[in-house]
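Below is one structure; the comments refer to it alone.
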Amino acid sequence: MDDAPEAAFNSAWAYRQIDERAKAIEIYELFIATYGSDACLAVLQNGDAQAEPPVAPNERKYEERVRHLGAAYEALTDVLVVVGNYQRAADVFETASKVEHFAEKSRHAAIQKAKELREMAAPAAPSQP
């Protein structure tokens with residue numbers, strides 16, 4: 001299981017390299033939903049005394065997973081921008097801005113990127129004669 005997050009991330013990258021962008025998007029989204037879930041991160045950060053056997057906190061893995069999660073959000077938005085889906089990329093950044101596991105600075109940067117992408121996605125106002 002420890003290698004699964006890295007394998008998922010690497011497979012998404014490989015799909016990007018062969019222009020299978022839809023598959024890359026799917027895998028990045030799966031990575032975020034599965035390995036970046038609050039439940040998964042909470043176990044890494046706090047452990048799980050109720051598990052059989054109990055699971056101890058693992059700060060190193062937690063920090064690594066949070067870094068990979070941030071990279072997955074960035075990679076997902078990169079692919080969405082490449083395919084011209086600025087609105088969806090903005091939505092992804094907005095979601096990332098609400099992830100409490102990210103540093104405040106990163107969350108603020110995500111909301112700024114969402115705003116910029118929404119501006120890019122907005123139709124241009126017609127020019128006045």
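Residue numbering restarts at 1 for every chain of the structure tokens, chains are lettered A, B, ... in their displayed order, and ligands are numbered from 1 as they appear.
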Excluding same-chain residues fewer than 5 positions from Leu41 in chain A, what lies within 8 Å of it counting only C-alpha atoms, as an MDAnalysis selection string? chainID A and resid 35:36 62 65:66
Taking only chain A into account, list the residues labelled helix (DSSP H, G or I) by DSSP (computed from the backbone), as number ranges by chain. A: 4-17, 21-35, 38-46, 59-82, 86-96, 104-121
I'd like the contact shell of Ile25 in chain A - 8 Å cut-off, only C-alpha atoms, skipping same-chain residues fewer than 5 positions apart - returned as a PyMOL selection string. chain A and resi 12+76+79-80
Report the distance between CA of Met120 in chain A and CA of Phe9 in chain A in Å, rounded to one decimal place.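 Computed distance, CA of Met120 in chain A to CA of Phe9 in chain A, equals 27.7 Å.
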Leaving out Lys113 in chain A and any residue of its chain fewer than 4 positions from it, which residues lie within 9 Å of it when counting only C-alpha atoms, given as a count of residues only? 7
Proximity to Ser11 in chain A - best of A:Val55, A:Ala33, A:Val43, A:Ala72, only C-alpha atoms: A:Ala72
Could you check the closest approach to Ser37 in chain A for each of A:Ala96, A:Ala24, A:Ala56, A:Ala75 and tell me which residue wins, using only C-alpha atoms? A:Ala96
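Among A:Arg21, A:Arg60, A:Arg88, A:Lys98, the residue with the shortest atom-to-atom distance to Leu44 in chain A, counting only C-alpha atoms, is A:Arg60.
We find CA of Ala89 in chain A and CA of Ala42 in chain A to be spaced 26.2 Å apart.
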Interatomic distance between CA of Tyr73 in chain A and CA of Val92 in chain A?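 According to the coordinates, CA of Tyr73 in chain A and CA of Val92 in chain A are separated by 7.1 Å.
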